[in-house]
Amino acid sequence: MSFEFPPAINSLDERLPLIIQGGMGINVSCWHLVNRVARLGEMGVVSGTAFDSLFIRILQDGDADGNMRRALQHFPDQDVVARILDKYFIEGGKDPDKPYQLGEMFRQVPSQALLELTVAANFANVFLAKEGTKGPVGINLLEKVQLPNLASLYGAMLAGVDAVLMGAGIPKYIPAILDRFALHEPASMLLNVEDALPDEKFYSHFNPRTVLTQPDAELKRPKFFAIIASDVLAKMLLRRPEGETNGFVIEGPTAGGHNAPPRKKGLFNERGEPIYGGLDEADLETIKDLGLPFWLAGSYLAKLDTALSYGASGVQVGTAFAFCNESGLTDDIKQEVIRGVLAGTIDIVTDPRASPTGFPFKVVQLKGTLSEETTYALRSRVCDLGYLRHLYRKENGKLDYRCPSEPVAAFLRKGGIEEETVGRKCLCNALMSCVGQGQVRKDGVEGALQTAGDEVLRLGAFLQGRTSYSAKDVIDFILAT
Ligand SMILES: Cc1cc2nc3c(=O)[nH]c(=O)nc-3n(C[C@H](O)[C@H](O)[C@H](O)COP(=O)(O)O)c2cc1C
């Protein structure tokens, strides 16, 4: 099968969606969900976070429905595909009691094999999400997970992704990178490096031609929508001369996943949750005056009309989509959460410690998951996926990597401070378990840690007693408000 360059037309030039189904990692917003939303005419967003690792686990599970391998048949370089399948694909799936073979962890200069894998994995994810529909499809990546981002973006662009949505940090270099990748030109990104000397700079580089030697047509330049919590950041992004930002998702502190930390630090309620105040509310008048489309996120399931009245183009919703039939979460988690919602017992905590990023992370309190202190205490720390490792400069000037959730002794040996490790959870492994792809350890499968927004507390009004629902039900509900 030969590679077809995706059409250069961006469907977002014709119509902006009223609803963005928010990107939810790792693979909660899987391609099934995104394809469904795009077919219904709204924008679906796949999660690119850690997708290289997720992808090789699907291949090791035998790719039962054959979709990943079918998508790979459309990848421009079949030698790359052959190398990946050779290394990871297991016909019929691995023995469920055996651990998954790990991919490599990202470093400043990743191996050629890891770059190829990341490009191909993100290509396949977006290819499947877009298959059979002209509806818009975006990809979500976290600014904080810097090292895989360049190769992930290029892979998504090869499959014709319509938009890139990025938050959890200040994604200021991304728009210019998208311009360069549309021409298959190399790009670099400044890395955040702890303990770097003043004026010392470290970069990550990616040259598309190392993966695709003879590209012959320009790629569609996806729209870039920054996910931010403040008007100050919006203005800052627009002041940058190079690379165009095309819109914003303004996400408040009630949204699922990671939240921007409060502006006023050090204030916590009696449950240990950070307290947000007026300073944390984006000034929507200012945002509107910037003249770009924007969507509001964080408890907007039943507030499309409110968002439109502020001048927004629509809403970004995550929580309600997370537990719908088409999402990537395991049936057990969906059922447990829906049961809790219907019984009125569901509880959620904004945990300022759980995520090694240092950003508050919302955690659904579920039995048998790492939200329980006892379950958390039983887990031996291990860091073998490494997406949330921080880069730091060693005394000899070289870069190294450390994660506050890794084994404490290793973190301390690398110059980390003990206080940083307290209460930290391994999101990389836990989020893999939420979508049924958790690593098998000697004492069982890694525990899950489920996130959702505060909206989950009000999901009963939407559920009306139902114990399951579809993405279409969510869209119909939003559009009826
Ligand atoms: C399960 C889950 C995972 C999420 N993961 C991400 C993520 O990886 N990246 C991101 O930018 N936002 C993430 N979000 C936020 C959503 O994209 C969206 O902005 C948010 O859910 C909107 O608010 P709501 O939760 O009130 O619907 C996540 C949300 C949920 C519920």
# chains A, B, ... in the order shown; residues from 1 in each chain; ligands from 1
>>> residues_near_ligand(ligand="ligand 1", cutoff="8 Å", atoms="only C-alpha atoms and all ligand atoms", output="VMD selection string")
chain A and resid 21 to 26 28 to 29 47 49 140 to 142 165 to 168 227 249 251 to 252 254 to 258 297 to 301 316 to 322 450 to 456
>>> residues_around(residues="segment 308-312 of chain A", least_positions_apart="4", cutoff="7 Å", atoms="only C-alpha atoms", output="list in words")
Leu284, Lys288, Pro293, Phe294, Trp295, Leu296 and Leu304 of chain A
>>> write_last_selection(atoms="all heavy atoms", output="PDB file, in the first residue's frame")
ATOM      1  N   LEU A 284     -12.012  36.788  30.763  1.00  0.00           N
ATOM      2  CA  LEU A 284     -12.532  36.363  29.456  1.00  0.00           C
ATOM      3  C   LEU A 284     -12.744  37.539  28.502  1.00  0.00           C
ATOM      4  O   LEU A 284     -12.692  37.372  27.281  1.00  0.00           O
ATOM      5  CB  LEU A 284     -13.820  35.557  29.635  1.00  0.00           C
ATOM      6  CG  LEU A 284     -13.636  34.244  30.412  1.00  0.00           C
ATOM      7  CD1 LEU A 284     -14.958  33.509  30.539  1.00  0.00           C
ATOM      8  CD2 LEU A 284     -12.596  33.344  29.744  1.00  0.00           C
ATOM      9  N   LYS A 288     -11.299  37.508  24.841  1.00  0.00           N
ATOM     10  CA  LYS A 288     -12.167  37.768  23.681  1.00  0.00           C
ATOM     11  C   LYS A 288     -11.559  38.872  22.805  1.00  0.00           C
ATOM     12  O   LYS A 288     -11.546  38.763  21.577  1.00  0.00           O
ATOM     13  CB  LYS A 288     -13.544  38.184  24.195  1.00  0.00           C
ATOM     14  CG  LYS A 288     -14.591  38.291  23.121  1.00  0.00           C
ATOM     15  CD  LYS A 288     -15.948  38.484  23.761  1.00  0.00           C
ATOM     16  CE  LYS A 288     -16.680  39.592  23.052  1.00  0.00           C
ATOM     17  NZ  LYS A 288     -17.838  40.055  23.799  1.00  0.00           N
ATOM     18  N   PRO A 293     -10.319  32.438  18.212  1.00  0.00           N
ATOM     19  CA  PRO A 293     -11.329  31.553  18.795  1.00  0.00           C
ATOM     20  C   PRO A 293     -10.860  30.972  20.127  1.00  0.00           C
ATOM     21  O   PRO A 293      -9.661  30.740  20.302  1.00  0.00           O
ATOM     22  CB  PRO A 293     -11.487  30.444  17.752  1.00  0.00           C
ATOM     23  CG  PRO A 293     -10.369  30.592  16.796  1.00  0.00           C
ATOM     24  CD  PRO A 293      -9.804  31.971  16.924  1.00  0.00           C
ATOM     25  N   PHE A 294     -11.788  30.786  21.037  1.00  0.00           N
ATOM     26  CA  PHE A 294     -11.416  30.107  22.287  1.00  0.00           C
ATOM     27  C   PHE A 294     -12.576  29.250  22.780  1.00  0.00           C
ATOM     28  O   PHE A 294     -13.737  29.491  22.442  1.00  0.00           O
ATOM     29  CB  PHE A 294     -10.967  31.105  23.375  1.00  0.00           C
ATOM     30  CG  PHE A 294     -12.013  32.080  23.833  1.00  0.00           C
ATOM     31  CD1 PHE A 294     -12.739  31.841  25.002  1.00  0.00           C
ATOM     32  CD2 PHE A 294     -12.275  33.234  23.120  1.00  0.00           C
ATOM     33  CE1 PHE A 294     -13.709  32.742  25.444  1.00  0.00           C
ATOM     34  CE2 PHE A 294     -13.250  34.136  23.546  1.00  0.00           C
ATOM     35  CZ  PHE A 294     -13.963  33.901  24.707  1.00  0.00           C
ATOM     36  N   TRP A 295     -12.204  28.231  23.526  1.00  0.00           N
ATOM     37  CA  TRP A 295     -13.181  27.292  24.093  1.00  0.00           C
ATOM     38  C   TRP A 295     -12.980  27.282  25.607  1.00  0.00           C
ATOM     39  O   TRP A 295     -11.842  27.411  26.081  1.00  0.00           O
ATOM     40  CB  TRP A 295     -12.955  25.880  23.532  1.00  0.00           C
ATOM     41  CG  TRP A 295     -13.324  25.736  22.086  1.00  0.00           C
ATOM     42  CD1 TRP A 295     -14.492  25.243  21.586  1.00  0.00           C
ATOM     43  CD2 TRP A 295     -12.526  26.097  20.933  1.00  0.00           C
ATOM     44  NE1 TRP A 295     -14.473  25.275  20.209  1.00  0.00           N
ATOM     45  CE2 TRP A 295     -13.289  25.787  19.784  1.00  0.00           C
ATOM     46  CE3 TRP A 295     -11.265  26.655  20.758  1.00  0.00           C
ATOM     47  CZ2 TRP A 295     -12.831  26.010  18.487  1.00  0.00           C
ATOM     48  CZ3 TRP A 295     -10.794  26.885  19.459  1.00  0.00           C
ATOM     49  CH2 TRP A 295     -11.576  26.566  18.345  1.00  0.00           C
ATOM     50  N   LEU A 296     -14.061  27.113  26.349  1.00  0.00           N
ATOM     51  CA  LEU A 296     -13.941  27.092  27.807  1.00  0.00           C
ATOM     52  C   LEU A 296     -14.004  25.645  28.308  1.00  0.00           C
ATOM     53  O   LEU A 296     -14.798  24.843  27.799  1.00  0.00           O
ATOM     54  CB  LEU A 296     -15.055  27.920  28.441  1.00  0.00           C
ATOM     55  CG  LEU A 296     -15.023  29.416  28.068  1.00  0.00           C
ATOM     56  CD1 LEU A 296     -16.125  30.184  28.807  1.00  0.00           C
ATOM     57  CD2 LEU A 296     -13.659  30.043  28.376  1.00  0.00           C
ATOM     58  N   LEU A 304     -22.912  25.194  27.660  1.00  0.00           N
ATOM     59  CA  LEU A 304     -22.508  25.683  26.343  1.00  0.00           C
ATOM     60  C   LEU A 304     -23.040  27.099  26.116  1.00  0.00           C
ATOM     61  O   LEU A 304     -22.314  27.974  25.617  1.00  0.00           O
ATOM     62  CB  LEU A 304     -23.026  24.738  25.251  1.00  0.00           C
ATOM     63  CG  LEU A 304     -22.770  25.183  23.813  1.00  0.00           C
ATOM     64  CD1 LEU A 304     -21.277  25.308  23.521  1.00  0.00           C
ATOM     65  CD2 LEU A 304     -23.403  24.203  22.810  1.00  0.00           C
TER      66      LEU A 304
END
>>> select_by_dssp(residues="segment 242-459 of chain A", states="alpha helix (DSSP H)", output="ChimeraX atom specification")
/A:284-289,304-309,319-322,331-343,373-378,408-413,427-434,459
>>> residues_around(residues="Pro274 of chain A", least_positions_apart="5", cutoff="9 Å", atoms="only C-alpha atoms", output="list in words")
Pro261, Pro262, Lys265, Gly266, Leu267, Phe268, Asn269, Thr350, Asp351, Pro352 and Pro360 of chain A
>>> write_last_selection(atoms="N, CA and C atoms", output="compact mmCIF listing (two decimals), in the first residue's frame")
# COMPACT_ATOMS: atom_id res chain seq x y z
N PRO A 261 -1.27 25.25 38.85
CA PRO A 261 -1.25 25.54 40.28
C PRO A 261 -1.87 26.91 40.56
N PRO A 262 -2.45 27.10 41.77
CA PRO A 262 -3.03 28.41 42.06
C PRO A 262 -1.96 29.50 42.05
N LYS A 265 0.31 30.76 46.33
CA LYS A 265 0.81 29.44 46.77
C LYS A 265 0.61 29.24 48.27
N GLY A 266 0.60 27.98 48.68
CA GLY A 266 0.68 27.65 50.11
C GLY A 266 -0.66 27.61 50.83
N LEU A 267 -1.79 27.78 50.12
CA LEU A 267 -3.09 27.73 50.79
C LEU A 267 -3.78 26.41 50.47
N PHE A 268 -4.18 25.69 51.54
CA PHE A 268 -4.83 24.38 51.35
C PHE A 268 -6.06 24.29 52.22
N ASN A 269 -7.07 23.54 51.77
CA ASN A 269 -8.25 23.33 52.63
C ASN A 269 -7.97 22.16 53.58
N THR A 350 -8.31 16.94 44.82
CA THR A 350 -7.26 17.59 44.03
C THR A 350 -5.97 17.44 44.82
N ASP A 351 -5.14 16.51 44.35
CA ASP A 351 -3.95 16.12 45.12
C ASP A 351 -2.75 16.94 44.65
N PRO A 352 -2.20 17.77 45.52
CA PRO A 352 -1.06 18.60 45.09
C PRO A 352 0.25 17.83 45.02
N PRO A 360 -1.00 20.22 40.57
CA PRO A 360 -2.10 19.48 41.21
C PRO A 360 -2.74 18.52 40.21
>>> atom_distance(atom1="atom CA of Ile333 of chain A", atom2="atom CA of Val349 of chain A")
16.8 Å
>>> residues_around(residues="Ala480 of chain A", least_positions_apart="6", cutoff="12 Å", atoms="only C-alpha atoms", output="number ranges by chain")
A: 18, 301-305, 462, 473-474
>>> write_last_selection(atoms="C-alpha atoms", output="PDB file, in the first residue's frame")
ATOM      1  CA  LEU A  18     -18.909  23.871  19.288  1.00  0.00           C
ATOM      2  CA  LEU A 301     -20.906  19.995  30.303  1.00  0.00           C
ATOM      3  CA  ALA A 302     -24.188  21.830  30.865  1.00  0.00           C
ATOM      4  CA  LYS A 303     -22.987  25.345  30.089  1.00  0.00           C
ATOM      5  CA  LEU A 304     -22.508  25.683  26.343  1.00  0.00           C
ATOM      6  CA  ASP A 305     -24.871  28.662  26.284  1.00  0.00           C
ATOM      7  CA  PHE A 462     -26.697  13.707  32.919  1.00  0.00           C
ATOM      8  CA  ASP A 473     -25.316  10.952  24.404  1.00  0.00           C
ATOM      9  CA  VAL A 474     -22.693  13.382  25.732  1.00  0.00           C
TER      10      VAL A 474
END
>>> atom_distance(atom1="atom CA of Glu420 of chain A", atom2="atom CA of Val145 of chain A")
18.4 Å
>>> closest_residue(among="A:Val119, A:Ala282, A:Val137, A:Leu59", to="Pro253 of chain A", atoms="only C-alpha atoms")
A:Ala282
